[in-house]
Structures are given as C-alpha cells and as structure tokens.
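Below: entry23.cif (mmCIF, C-alpha atoms)
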data_work
loop_
_atom_site.label_atom_id
_atom_site.label_comp_id
_atom_site.auth_asym_id
_atom_site.auth_seq_id
_atom_site.Cartn_x
_atom_site.Cartn_y
_atom_site.Cartn_z
CA MET A 1 30.31 -33.95 -58.28
CA GLY A 2 28.55 -31.58 -60.65
CA ASN A 3 26.61 -29.95 -57.80
CA LEU A 4 29.81 -29.56 -55.77
CA ILE A 5 31.51 -27.79 -58.66
CA LYS A 6 28.52 -25.44 -58.98
CA VAL A 7 28.68 -24.60 -55.26
CA LEU A 8 32.42 -23.99 -55.34
CA THR A 9 32.12 -21.86 -58.48
CA ARG A 10 29.31 -19.82 -56.96
CA ASP A 11 31.42 -19.18 -53.85
CA ILE A 12 34.32 -18.03 -56.00
CA ASP A 13 32.02 -15.66 -57.90
CA ASN A 14 30.54 -14.27 -54.68
CA ASN A 15 34.04 -13.50 -53.38
CA ALA A 16 35.16 -12.02 -56.67
CA GLY A 17 34.67 -8.42 -55.53
CA ASN A 18 37.27 -8.61 -52.79
CA PHE A 19 39.80 -6.15 -54.21
CA PHE A 20 40.30 -2.39 -54.16
CA LEU A 21 39.07 -0.52 -57.22
CA ASP A 22 40.76 2.89 -57.26
CA PHE A 23 37.93 5.27 -58.18
CA GLU A 24 40.13 8.27 -57.34
CA ASN A 25 43.43 7.68 -59.12
CA ALA A 26 43.19 4.81 -61.64
CA GLN A 27 45.09 5.64 -64.84
CA PRO A 28 44.83 3.86 -68.21
CA THR A 29 47.22 1.22 -69.41
CA GLU A 30 48.30 1.35 -73.05
CA ALA A 31 45.66 -1.27 -73.89
CA GLU A 32 42.94 0.96 -72.39
CA ARG A 33 44.17 4.32 -73.58
CA GLN A 34 42.28 4.71 -76.89
CA GLN A 35 38.92 3.81 -75.35
CA TRP A 36 39.72 5.85 -72.24
CA GLU A 37 40.46 9.00 -74.26
CA GLN A 38 37.17 8.72 -76.16
CA VAL A 39 35.18 8.40 -72.94
CA SER A 40 37.15 11.15 -71.18
CA ALA A 41 35.92 13.79 -73.62
CA VAL A 42 32.33 12.75 -72.98
CA LEU A 43 32.74 12.69 -69.21
CA GLU A 44 34.21 16.18 -69.25
CA GLU A 45 31.02 17.44 -70.89
CA ALA A 46 28.89 15.38 -68.51
CA MET A 47 30.54 16.94 -65.45
CA SER A 48 29.98 20.39 -66.96
CA ILE A 49 26.28 19.60 -67.32
CA LEU A 50 26.09 18.56 -63.67
CA GLN A 51 27.65 21.88 -62.65
CA ASP A 52 25.12 23.76 -64.81
CA LEU A 53 22.24 21.81 -63.29
CA GLN A 54 23.51 22.29 -59.75
CA SER A 55 23.73 26.07 -60.17
CA TYR A 56 20.51 26.43 -62.18
CA SER A 57 18.05 28.52 -60.18
CA GLY A 58 15.37 28.90 -62.84
CA ALA A 59 14.48 31.64 -65.28
CA GLY A 60 11.46 32.97 -63.37
CA GLU A 61 12.99 36.23 -62.19
CA ALA A 62 14.58 36.93 -65.57
CA ILE A 63 11.24 36.33 -67.29
CA ARG A 64 9.50 38.79 -64.96
CA GLN A 65 12.09 41.48 -65.68
CA VAL A 66 11.96 41.43 -69.48
CA SER A 67 9.20 42.67 -71.71
CA THR A 68 9.83 41.42 -75.22
CA PRO A 69 8.90 37.90 -76.29
CA TYR A 70 12.26 37.44 -77.98
CA ASN A 71 14.22 38.13 -74.77
CA ILE A 72 11.98 35.80 -72.81
CA ILE A 73 12.37 32.96 -75.26
CA SER A 74 16.11 33.52 -75.54
CA MET A 75 16.64 33.34 -71.78
CA SER A 76 14.46 30.28 -71.33
CA TYR A 77 16.09 28.52 -74.27
CA HIS A 78 19.69 29.08 -73.22
CA ALA A 79 19.03 28.19 -69.58
CA VAL A 80 17.19 24.95 -70.27
CA LEU A 81 18.92 23.55 -73.34
CA LEU A 82 22.22 23.38 -71.44
CA SER A 83 20.73 20.72 -69.20
CA PHE A 84 19.59 18.36 -71.95
CA PRO A 85 22.21 15.71 -72.76
CA THR A 86 21.46 14.94 -76.41
CA TYR A 87 24.86 13.32 -76.79
CA PHE A 88 26.73 10.19 -75.88
CA ILE A 89 25.04 7.72 -73.55
CA GLU A 90 24.47 4.83 -75.91
CA GLY A 91 27.69 4.95 -77.92
CA THR A 92 29.90 5.67 -74.92
CA LEU A 93 28.33 3.01 -72.74
CA HIS A 94 28.45 0.39 -75.50
CA GLY A 95 32.14 1.07 -76.05
CA LEU A 96 32.94 0.62 -72.35
CA LEU A 97 30.78 -2.47 -71.93
CA GLY A 98 32.27 -3.99 -75.06
CA PHE A 99 35.70 -3.68 -73.46
CA LEU A 100 34.72 -4.77 -69.91
CA THR A 101 32.59 -7.76 -70.94
CA SER A 102 34.75 -9.30 -73.66
CA ALA A 103 35.71 -12.95 -73.45
CA ARG A 104 39.41 -12.13 -73.02
CA CYS A 105 39.13 -12.64 -69.27
CA SER A 106 36.67 -12.93 -66.38
CA PRO A 107 34.64 -9.96 -65.07
CA THR A 108 36.85 -9.81 -61.98
CA GLN A 109 40.01 -9.73 -64.08
CA HIS A 110 38.53 -7.02 -66.31
CA LEU A 111 37.67 -4.75 -63.39
CA GLU A 112 40.90 -5.44 -61.51
CA GLN A 113 43.23 -5.09 -64.50
CA GLU A 114 41.37 -2.37 -66.43
CA GLN A 115 40.67 -0.05 -63.54
CA ALA A 116 40.75 3.17 -65.56
CA LEU A 117 37.84 1.98 -67.74
CA ALA A 118 36.03 0.57 -64.70
CA ARG A 119 36.44 4.01 -63.10
CA GLN A 120 34.92 5.66 -66.19
CA PHE A 121 31.99 3.24 -66.14
CA ALA A 122 31.52 4.19 -62.49
CA GLU A 123 31.63 7.90 -63.38
CA ILE A 124 28.85 7.40 -65.95
CA LEU A 125 26.75 5.72 -63.24
CA HIS A 126 27.53 8.54 -60.82
CA PHE A 127 26.57 11.12 -63.46
CA THR A 128 23.32 9.27 -64.16
CA LEU A 129 22.09 9.13 -60.58
CA ARG A 130 23.30 12.64 -59.74
CA PHE A 131 21.60 14.08 -62.86
CA ASP A 132 18.30 12.49 -61.85
CA GLU A 133 18.64 13.69 -58.25
CA LEU A 134 19.12 17.27 -59.45
CA LYS A 135 16.26 17.01 -61.93
CA MET A 136 13.86 15.70 -59.28
CA THR A 137 14.79 18.38 -56.75
CA ASN A 138 14.66 21.31 -59.21
CA PRO A 139 11.24 21.55 -60.90
CA ALA A 140 12.34 24.79 -62.61
CA ILE A 141 14.19 22.73 -65.23
CA GLN A 142 11.03 21.12 -66.59
CA ASN A 143 8.83 24.16 -65.90
CA ASP A 144 11.12 26.53 -67.81
CA PHE A 145 11.26 24.27 -70.81
CA SER A 146 7.46 24.06 -70.82
CA TYR A 147 7.37 27.85 -70.68
CA TYR A 148 9.82 28.03 -73.55
CA ARG A 149 7.66 25.76 -75.72
CA ARG A 150 4.48 27.72 -74.96
CA THR A 151 6.17 31.03 -75.73
CA LEU A 152 7.66 29.78 -78.97
CA SER A 153 4.29 28.38 -80.03
CA ARG A 154 2.57 31.74 -79.40
CA MET A 155 5.25 33.58 -81.36
CA ARG A 156 4.79 31.27 -84.33
CA ILE A 157 1.01 31.67 -84.22
CA ASN A 158 1.39 35.46 -84.11
CA ASN A 159 4.03 35.40 -86.87
CA LEU A 160 6.65 36.98 -84.61
CA ALA A 161 10.19 36.49 -85.85
CA THR A 162 12.63 34.29 -83.94
CA GLU A 163 16.29 33.69 -84.59
CA GLU A 164 16.92 30.16 -85.79
CA GLU A 165 19.86 29.68 -83.44
CA ASN A 166 17.50 30.15 -80.49
CA GLU A 167 14.92 27.66 -81.68
CA VAL A 168 14.57 23.99 -80.89
CA ASN A 169 12.88 22.17 -83.74
CA ASN A 170 9.68 20.25 -83.02
CA GLU A 171 11.32 16.83 -83.19
CA LEU A 172 13.97 17.71 -80.61
CA ALA A 173 11.43 19.56 -78.45
CA ASN A 174 9.20 16.47 -78.39
CA ARG A 175 12.15 14.28 -77.45
CA MET A 176 13.09 16.68 -74.66
CA SER A 177 9.51 16.71 -73.35
CA LEU A 178 9.40 12.91 -73.25
CA PHE A 179 12.84 12.82 -71.63
CA TYR A 180 11.93 15.20 -68.81
CA ALA A 181 8.48 13.66 -68.30
CA ASN A 182 10.20 10.58 -66.85
CA ALA A 183 10.88 10.77 -63.11
CA THR A 184 14.45 9.50 -63.61
CA PRO A 185 15.18 10.26 -67.27
CA MET A 186 18.91 9.57 -67.29
CA LEU A 187 18.55 6.26 -65.49
CA LYS A 188 15.95 5.19 -68.02
CA THR A 189 18.31 6.22 -70.84
CA LEU A 190 21.15 4.21 -69.29
CA SER A 191 18.95 1.16 -68.64
CA ASP A 192 17.65 1.22 -72.20
CA ALA A 193 21.19 1.56 -73.55
CA THR A 194 22.43 -1.39 -71.47
CA THR A 195 19.50 -3.56 -72.56
CA LYS A 196 20.19 -2.60 -76.18
CA PHE A 197 23.86 -3.54 -75.76
CA VAL A 198 22.82 -7.04 -74.70
CA SER A 199 20.26 -7.44 -77.49
CA ASP A 200 22.66 -6.10 -80.16
CA ASN A 201 25.51 -8.41 -79.15
CA THR A 202 23.86 -11.79 -79.59
CA ASP A 203 27.24 -13.53 -79.85
CA LEU A 204 28.11 -12.33 -76.33
CA PRO A 205 26.59 -14.42 -73.51
CA ILE A 206 24.33 -12.30 -71.33
CA GLU A 207 26.28 -13.56 -68.32
CA ASN A 208 29.29 -11.54 -69.46
CA THR A 209 27.28 -8.36 -68.90
CA THR A 210 25.39 -9.40 -65.78
CA ASP A 211 28.55 -10.79 -64.16
CA CYS A 212 30.35 -7.52 -64.86
CA LEU A 213 27.51 -5.61 -63.15
CA SER A 214 27.25 -7.97 -60.17
CA THR A 215 31.03 -7.94 -59.66
CA MET A 216 31.04 -4.13 -59.68
CA ALA A 217 28.25 -4.12 -57.06
CA SER A 218 30.25 -6.56 -54.94
CA VAL A 219 33.43 -4.49 -55.26
CA CYS A 220 31.60 -1.37 -54.07
CA LYS A 221 29.93 -3.18 -51.16
CA VAL A 222 33.20 -4.74 -49.98
CA MET A 223 35.11 -1.45 -50.18
CA LEU A 224 32.38 0.36 -48.23
CA GLU A 225 32.10 -2.21 -45.44
CA THR A 226 35.84 -3.00 -45.10
CA PRO A 227 37.72 -0.44 -42.95
CA GLU A 228 41.05 -1.34 -44.59
CA TYR A 229 39.69 -0.42 -48.03
CA ARG A 230 37.52 2.50 -46.94
CA SER A 231 40.46 4.15 -45.18
CA ARG A 232 42.23 4.36 -48.54
CA PHE A 233 39.68 6.85 -49.87
CA ALA A 234 41.37 10.25 -49.92
CA SER A 235 38.02 12.07 -49.88
CA GLU A 236 34.77 11.42 -48.04
CA ASP A 237 33.01 12.27 -51.32
CA THR A 238 34.30 8.95 -52.67
CA VAL A 239 32.07 7.13 -50.19
CA LEU A 240 28.95 8.72 -51.71
CA PHE A 241 30.36 8.12 -55.20
CA CYS A 242 30.83 4.43 -54.36
CA LEU A 243 27.29 4.20 -52.95
CA ARG A 244 25.84 5.73 -56.14
CA VAL A 245 27.80 3.33 -58.32
CA MET A 246 26.65 0.34 -56.27
CA VAL A 247 23.00 1.36 -56.61
CA GLY A 248 23.44 2.14 -60.31
CA VAL A 249 24.80 -1.30 -61.20
CA ILE A 250 22.11 -3.00 -59.12
CA ILE A 251 19.42 -1.21 -61.13
CA LEU A 252 21.09 -2.05 -64.45
CA TYR A 253 21.45 -5.70 -63.40
CA ASP A 254 17.78 -5.76 -62.43
CA TYR A 255 16.81 -4.61 -65.94
CA VAL A 256 19.23 -6.79 -67.88
CA HIS A 257 19.04 -10.09 -65.99
CA PRO A 258 15.85 -12.02 -66.85
CA ALA A 259 15.16 -12.83 -63.17
CA GLY A 260 16.36 -9.50 -61.80
CA ALA A 261 18.56 -8.51 -58.87
CA PHE A 262 16.24 -9.46 -56.00
CA VAL A 263 15.68 -13.15 -56.68
CA LYS A 264 17.37 -15.63 -54.34
CA SER A 265 19.73 -16.87 -57.07
CA SER A 266 20.95 -13.34 -57.87
CA LYS A 267 24.72 -12.92 -57.87
CA ILE A 268 24.28 -9.61 -56.05
CA ASP A 269 24.14 -9.77 -52.25
CA MET A 270 21.08 -7.52 -52.02
CA LYS A 271 20.70 -7.81 -48.25
CA GLY A 272 24.35 -6.85 -47.81
CA CYS A 273 24.08 -3.92 -50.22
CA ILE A 274 20.93 -2.58 -48.54
CA LYS A 275 22.59 -2.93 -45.13
CA VAL A 276 25.57 -0.89 -46.35
CA LEU A 277 23.15 1.84 -47.48
CA ARG A 278 21.24 1.78 -44.20
CA ASP A 279 24.49 2.08 -42.24
CA GLN A 280 25.07 5.54 -43.76
CA PRO A 281 23.57 8.82 -42.48
CA PRO A 282 19.92 8.80 -43.71
CA ASN A 283 20.13 12.23 -45.37
CA ARG A 284 22.95 10.96 -47.62
CA VAL A 285 21.28 7.83 -48.92
CA GLU A 286 17.51 8.39 -48.92
CA GLY A 287 17.59 9.23 -52.64
CA LEU A 288 19.54 6.04 -53.36
CA LEU A 289 17.15 3.91 -51.31
CA ASN A 290 14.28 5.52 -53.20
CA ALA A 291 16.00 4.61 -56.46
CA LEU A 292 15.94 0.95 -55.39
CA ARG A 293 12.33 1.26 -54.20
CA TYR A 294 10.85 3.00 -57.20
CA THR A 295 13.06 2.57 -60.29
CA THR A 296 13.93 -1.13 -60.22
CA LYS A 297 12.00 -3.65 -62.29
CA HIS A 298 11.66 -6.75 -60.08
CA LEU A 299 11.45 -5.53 -56.47
CA ASN A 300 7.72 -6.22 -56.22
CA ASP A 301 7.91 -9.64 -57.88
CA GLU A 302 6.70 -12.64 -55.89
CA THR A 303 10.22 -14.06 -56.07
CA THR A 304 11.60 -11.19 -53.94
CA SER A 305 11.92 -12.25 -50.31
CA LYS A 306 9.83 -10.56 -47.62
CA GLN A 307 13.02 -9.65 -45.78
CA ILE A 308 14.38 -7.63 -48.70
CA LYS A 309 11.02 -5.89 -49.19
CA SER A 310 10.96 -5.12 -45.48
CA MET A 311 14.49 -3.69 -45.55
CA LEU A 312 13.43 -1.28 -48.29
CA GLN A 313 10.16 -0.17 -46.70
CA VAL A 314 9.94 3.54 -46.00
#
Serialized structure, structure tokens:
Amino acid sequence: MGNLIKVLTRDIDNNAGNFFLDFENAQPTEAERQQWEQVSAVLEEAMSILQDLQSYSGAGEAIRQVSTPYNIISMSYHAVLLSFPTYFIEGTLHGLLGFLTSARCSPTQHLEQEQALARQFAEILHFTLRFDELKMTNPAIQNDFSYYRRTLSRMRINNLATEEENEVNNELANRMSLFYANATPMLKTLSDATTKFVSDNTDLPIENTTDCLSTMASVCKVMLETPEYRSRFASEDTVLFCLRVMVGVIILYDYVHPAGAFVKSSKIDMKGCIKVLRDQPPNRVEGLLNALRYTTKHLNDETTSKQIKSMLQV
C-alpha cells in the first residue's frame, strides 16, 4: 500500500505543471502586492542594465580619440560600471522564494494562484541568462574594465589627480574582476543565492524549494509543447522567454537538490525538456543547450543516463 501511494503521489507531482502560467499579463493579487512592488523596482533596473549591455559597443574608439588620462578613465569607468549589477539578487530572490515556497500551500498552488510573483521569478531567471549571454558575446565589457583598472593604477603611481566620483575603490574593483572572470557570472550569483536561501532557512524543508523549481520547469515544458497553451502567447518572444526560464530553473534545481536534476529520480523530466529545446530553431537555443552542458553541476555524474548525455552532446 505504501509503495502504491508513493507511485500515485509521484504521478500527481509529475502532472502538476499542467496549467497556463501567464508570463505576459499576470497581475498581483492584494496578497502579493507588497512583495510584487518591491521586486518591480528591482526588475525595472535590471531591464535597464540589459538594454545598456545590448547597446554597449566598447570604449575602444573613444579611447583612441582622447589624449588625456582623465578623459580615458572617465569614459571607461562610465561605460563599464553601468553593466555591473551590485544590487539586489540575493535579497530580491530570497523574498520571492520565501513567498513561493512557504508551507501555506503546494508548489503547484503557489505558482497557479500567485502568478504575478511567479512571473517576476521568471523575469529574474530571464535576466540572469540574458545577462550572461550578452557578457559572453561582448568581450569589450571585461576588456574595458581591465583597461580602466590599468589606467587608474598608472595614474595613482604617477600621482595624477582623479575625481572621486569617477573612481571605483579597490574592494569593489576586486569584486567586479572576480565577477566578470566567471564565464556565467550572473548565473553563479543566482545559484549561490538560491543555495544560501536553502541553507539559511533550516526550518523550511528543502523539498519546498526543489518542488517549486521542478514545477516551474514542468509548467514551461508543458506550455511550450502544448499547442493550446502556446497559441495563447501574444508574442513569439515569449517562447524564448519560456525556454530561458525552463533552463534557468533546471540549473538552479541541479545546484540545490543533493542528487541534481539529471538523476533518474529527479522530478524534472530532463529528456522532455531537452527535446523541447531541440525542437526549436538551433540558432535560438544553442546558448541554452550550452548552459545545460557547461554550467550544471551533475550532468557528468555517473548517475546521469547515457541517453541524456547523448541528447546534450554537441
């Protein structure tokens, strides 16, 4: 009887993502509003950073056209510092996860009934993966900051004056260097913040967090592979948004769950999720497939099936 109950419960969990999560239009209920307003201010700044990164063409030409060290350092500083998100991730993410993983109801009920907060969680995941994509495809971001640090160091050695407002102190500069040295810095920040949320909240079963992540992955997969749901997207951009969110929660689950996302007992249908990715035009999803290949924690474990490894081979 006990085994039968486990099987039935597992089947219910695996079908839990079969509902439409409105990533385009979800609005907060009164119960969500306070948390939603706090996160909205952060997301507005995050979207601004993505726009800055997307339009950032590097400071090389400007550097070649100026002659004074001060102008060079000023240009490099203002161009690069805009792209460094020193704010938000941990506090904002912890607030959202605290709401979406509480014991008030099941993960499915949370995501279905609190769609505005689920949408914001999805937007943080979208921001994370898009930020890292832009960083990896634009080496000028890291190169210009390195140039800025070298120039500032020379000016200090030569006792040339700089304006304090255009200086990054050594502590922040070191943090920025470590941040950009990582291939996917924002994903690492988000993974660390999620792991810290679990370790800080010892009274909250880890399953509350992992079930929230696996349910979100299932919701995205079902919406992407179900014509009835997919036809409700007003914009084709929502398809790519949904793909990014699915990959983002898989990676977080893989870091937070002790056994990872690829083990047979995982609550995420990895074969189904990879198939959904492979069914898209290759130029749209190669970066997301690479994220699963190179930024997950357990893909190369012995417990990962040969079929899943084969599906993710280049």
Measuring between all atoms listed in the file, which one of A:Phe145, A:Tyr56, A:Trp36, A:Phe262 shows the shortest distance to Phe121 in chain A?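 So, comparing all the options, the nearest one is A:Trp36.
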For a quick check of understanding, using all atoms listed in the file, which of A:Lys196, A:Lys188, A:Lys221, A:Arg293 has the smallest distance to Val239 in chain A? A:Lys221
Output of the PyMOL selection byres ((chain A and resi 308) around 10), listed as a PyMOL selection string: chain A and resi 262-263+270-271+274+299+304-307+309-313
Which polymer residues have any atom within 12 Å of an atom of Gln109 in chain A, counting all atoms listed in the file, with same-chain residues fewer than 3 positions away left out, as a PyMOL selection string? chain A and resi 13+16-19+21+99-106+112-115+118+211-212+215-216
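With distances restricted to all atoms listed in the file, A:Leu93 is the closest residue to Thr189 in chain A from A:Leu93, A:Leu152, A:Ala261, A:Val222.
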Quick one: distance from CA of Tyr255 in chain A to CA of Ser199 in chain A in Å, one decimal?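 Computing it gives 12.4 Å between the two atoms.
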Counting only C-alpha atoms, the residue of A:Ala217, A:Val314, A:Val42, A:His257 that sits nearest Gly272 in chain A: A:Ala217
Going by the chain IDs and residue numbers used in this file, which residues fall under the PyMOL selection byres ((chain A and resi 206) around 12)? Write them as a PyMOL selection string. chain A and resi 97+101-103+194-205+207-213+253+256-258
Once you have the residues from the selection above, write them out as a PDB file, keeping the file's coordinate frame, restricted to C-alpha atoms.
ATOM      1  CA  LEU A  97      30.780  -2.470 -71.930  1.00  0.00           C
ATOM      2  CA  THR A 101      32.590  -7.760 -70.940  1.00  0.00           C
ATOM      3  CA  SER A 102      34.750  -9.300 -73.660  1.00  0.00           C
ATOM      4  CA  ALA A 103      35.710 -12.950 -73.450  1.00  0.00           C
ATOM      5  CA  THR A 194      22.430  -1.390 -71.470  1.00  0.00           C
ATOM      6  CA  THR A 195      19.500  -3.560 -72.560  1.00  0.00           C
ATOM      7  CA  LYS A 196      20.190  -2.600 -76.180  1.00  0.00           C
ATOM      8  CA  PHE A 197      23.860  -3.540 -75.760  1.00  0.00           C
ATOM      9  CA  VAL A 198      22.820  -7.040 -74.700  1.00  0.00           C
ATOM     10  CA  SER A 199      20.260  -7.440 -77.490  1.00  0.00           C
ATOM     11  CA  ASP A 200      22.660  -6.100 -80.160  1.00  0.00           C
ATOM     12  CA  ASN A 201      25.510  -8.410 -79.150  1.00  0.00           C
ATOM     13  CA  THR A 202      23.860 -11.790 -79.590  1.00  0.00           C
ATOM     14  CA  ASP A 203      27.240 -13.530 -79.850  1.00  0.00           C
ATOM     15  CA  LEU A 204      28.110 -12.330 -76.330  1.00  0.00           C
ATOM     16  CA  PRO A 205      26.590 -14.420 -73.510  1.00  0.00           C
ATOM     17  CA  GLU A 207      26.280 -13.560 -68.320  1.00  0.00           C
ATOM     18  CA  ASN A 208      29.290 -11.540 -69.460  1.00  0.00           C
ATOM     19  CA  THR A 209      27.280  -8.360 -68.900  1.00  0.00           C
ATOM     20  CA  THR A 210      25.390  -9.400 -65.780  1.00  0.00           C
ATOM     21  CA  ASP A 211      28.550 -10.790 -64.160  1.00  0.00           C
ATOM     22  CA  CYS A 212      30.350  -7.520 -64.860  1.00  0.00           C
ATOM     23  CA  LEU A 213      27.510  -5.610 -63.150  1.00  0.00           C
ATOM     24  CA  TYR A 253      21.450  -5.700 -63.400  1.00  0.00           C
ATOM     25  CA  VAL A 256      19.230  -6.790 -67.880  1.00  0.00           C
ATOM     26  CA  HIS A 257      19.040 -10.090 -65.990  1.00  0.00           C
ATOM     27  CA  PRO A 258      15.850 -12.020 -66.850  1.00  0.00           C
TER      28      PRO A 258
END
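For the pair CA of Ile124 in chain A and CA of Arg232 in chain A, the separation is 22.2 Å.
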Can you work out the spacing between CA of Ser235 in chain A and CA of Arg33 in chain A in Å, to one decimal? 25.7 Å
Out of A:Thr92, A:Ser266, A:Thr295, A:Gln27, which residue has the shortest atom-to-atom distance to Asn182 in chain A when counting all atoms listed in the file?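 Comparing A:Thr92, A:Ser266, A:Thr295, A:Gln27 against Asn182 in chain A, the winner is A:Thr295.
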Using all atoms listed in the file, which residue out of A:Ser265, A:Ser191, A:Ala234, A:Thr226 lies closest to Thr296 in chain A? A:Ser191
Go through range 172-234 of chain A and flag each residue having an atom no more than 12 Å from range 279-288 of chain A; for those, report the closest pair of atoms plus their distance in Å to one decimal, using only C-alpha atoms, ordered by chain and rising number, as CSV.
residue,atom,partner,partner_atom,distance
A:Thr184,CA,A:Gly287,CA,11.4
A:Lys221,CA,A:Asp279,CA,11.7
A:Leu224,CA,A:Gln280,CA,10.0
A:Glu225,CA,A:Asp279,CA,9.3
Please save C-alpha atoms of the selected residues as a CSV table (one decimal), in the frame of the given file.
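That gives us selection.csv:
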chain,number,residue,atom,x,y,z
A,184,THR,CA,14.4,9.5,-63.6
A,221,LYS,CA,29.9,-3.2,-51.2
A,224,LEU,CA,32.4,0.4,-48.2
A,225,GLU,CA,32.1,-2.2,-45.4
For the PyMOL selection byres ((chain A and resi 126-128) around 8), applied here, can you spell out every residue it catches as a CSV table (one decimal) with C-alpha atoms, in the frame of the given file?
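Full text of selection-v8.csv as output:
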chain,number,residue,atom,x,y,z
A,46,ALA,CA,28.9,15.4,-68.5
A,47,MET,CA,30.5,16.9,-65.4
A,50,LEU,CA,26.1,18.6,-63.7
A,122,ALA,CA,31.5,4.2,-62.5
A,123,GLU,CA,31.6,7.9,-63.4
A,124,ILE,CA,28.8,7.4,-66.0
A,125,LEU,CA,26.8,5.7,-63.2
A,129,LEU,CA,22.1,9.1,-60.6
A,130,ARG,CA,23.3,12.6,-59.7
A,131,PHE,CA,21.6,14.1,-62.9
A,132,ASP,CA,18.3,12.5,-61.8
A,186,MET,CA,18.9,9.6,-67.3
A,187,LEU,CA,18.6,6.3,-65.5
A,190,LEU,CA,21.2,4.2,-69.3
A,241,PHE,CA,30.4,8.1,-55.2
A,244,ARG,CA,25.8,5.7,-56.1
A,245,VAL,CA,27.8,3.3,-58.3
A,248,GLY,CA,23.4,2.1,-60.3
